[in-house]
Amino acid sequence: MDEKEINGLVFNALSNLYSIETSKVSMYPLDDKYGHSPFLRFRFKFLSKNDSIYRTIGNSISGSKAI
């Protein structure tokens, strides 16, 4: 599976949770995929950055239990 397929799967999974405002969801830097570790950057429409959904997603990725 290449980076484009992975990015598409992540975008679809997140957009099933809530409407995404950012134009792209990418885990890999487009200019140099070996220059950085994979990362996830996105924003949901109409939700503040402090909304609990972001903490829940972060906990799910890290394997922590939700608080």
# chains A, B, ... in the order shown; residues from 1 in each chain; ligands from 1
$ select_by_dssp --residues "chain A" --states "strand (DSSP E or B)" --output "PyMOL selection string"
chain A and resi 20+26+41+44
$ write_last_selection --atoms "N, CA, C and O atoms" --output "mmCIF file, in the first residue's frame"
data_model
loop_
_atom_site.group_PDB
_atom_site.id
_atom_site.type_symbol
_atom_site.label_atom_id
_atom_site.label_comp_id
_atom_site.auth_asym_id
_atom_site.auth_seq_id
_atom_site.Cartn_x
_atom_site.Cartn_y
_atom_site.Cartn_z
ATOM 1 N N ILE A 20 -14.880 17.025 7.767
ATOM 2 C CA ILE A 20 -13.519 17.563 7.832
ATOM 3 C C ILE A 20 -13.458 18.903 7.115
ATOM 4 O O ILE A 20 -13.987 19.052 6.014
ATOM 5 N N SER A 26 -3.040 14.196 5.508
ATOM 6 C CA SER A 26 -1.860 13.480 5.050
ATOM 7 C C SER A 26 -0.986 13.109 6.228
ATOM 8 O O SER A 26 -0.817 13.883 7.157
ATOM 9 N N ARG A 41 -2.423 15.517 10.518
ATOM 10 C CA ARG A 41 -2.890 16.894 10.717
ATOM 11 C C ARG A 41 -4.213 17.051 9.968
ATOM 12 O O ARG A 41 -4.291 16.793 8.777
ATOM 13 N N PHE A 44 -11.707 19.255 12.091
ATOM 14 C CA PHE A 44 -13.120 19.040 11.846
ATOM 15 C C PHE A 44 -13.832 20.383 11.755
ATOM 16 O O PHE A 44 -13.488 21.335 12.458
#
$ atom_distance --atom1 "CA of Lys45 (chain A)" --atom2 "CA of Asp2 (chain A)"
27.7 Å
$ residues_around --residues "Pro29 (chain A)" --least-positions-apart "4" --cutoff "10 Å" --atoms "only C-alpha atoms" --output "CSV table (one decimal) with N, CA and C atoms, in the first residue's frame"
chain,number,residue,atom,x,y,z
A,3,GLU,N,1.6,5.6,0.0
A,3,GLU,CA,1.2,6.7,0.9
A,3,GLU,C,-0.1,7.3,0.5
A,33,LYS,N,9.2,12.6,1.7
A,33,LYS,CA,8.6,11.6,2.6
A,33,LYS,C,9.6,11.0,3.6
A,34,TYR,N,10.9,11.1,3.3
A,34,TYR,CA,11.8,10.5,4.3
A,34,TYR,C,12.4,11.5,5.2
A,35,GLY,N,12.0,12.8,5.1
A,35,GLY,CA,12.5,13.9,5.9
A,35,GLY,C,11.9,13.9,7.3
A,36,HIS,N,10.7,13.4,7.5
A,36,HIS,CA,10.0,13.4,8.8
A,36,HIS,C,9.3,12.1,9.0
A,37,SER,N,9.0,11.8,10.3
A,37,SER,CA,8.2,10.7,10.6
A,37,SER,C,6.8,11.0,10.2
A,38,PRO,N,6.0,10.0,10.0
A,38,PRO,CA,4.6,10.2,9.6
A,38,PRO,C,3.9,11.0,10.7
A,39,PHE,N,3.0,11.9,10.3
A,39,PHE,CA,2.2,12.7,11.3
A,39,PHE,C,0.8,12.8,10.8
$ atom_distance --atom1 "CA of Phe11 (chain A)" --atom2 "CA of Arg43 (chain A)"
11.0 Å
$ closest_residue --among "A:Gly8, A:Met1, A:Leu17, A:Met27" --to "Ile57 (chain A)" --atoms "only C-alpha atoms"
A:Leu17
$ select_by_dssp --residues "chain A" --states "alpha helix (DSSP H)" --output "ChimeraX atom specification"
/A:3-17,52-62
$ closest_residue --among "A:Asn59, A:Asn7, A:Glu21, A:Leu14" --to "Leu47 (chain A)" --atoms "only C-alpha atoms"
A:Glu21
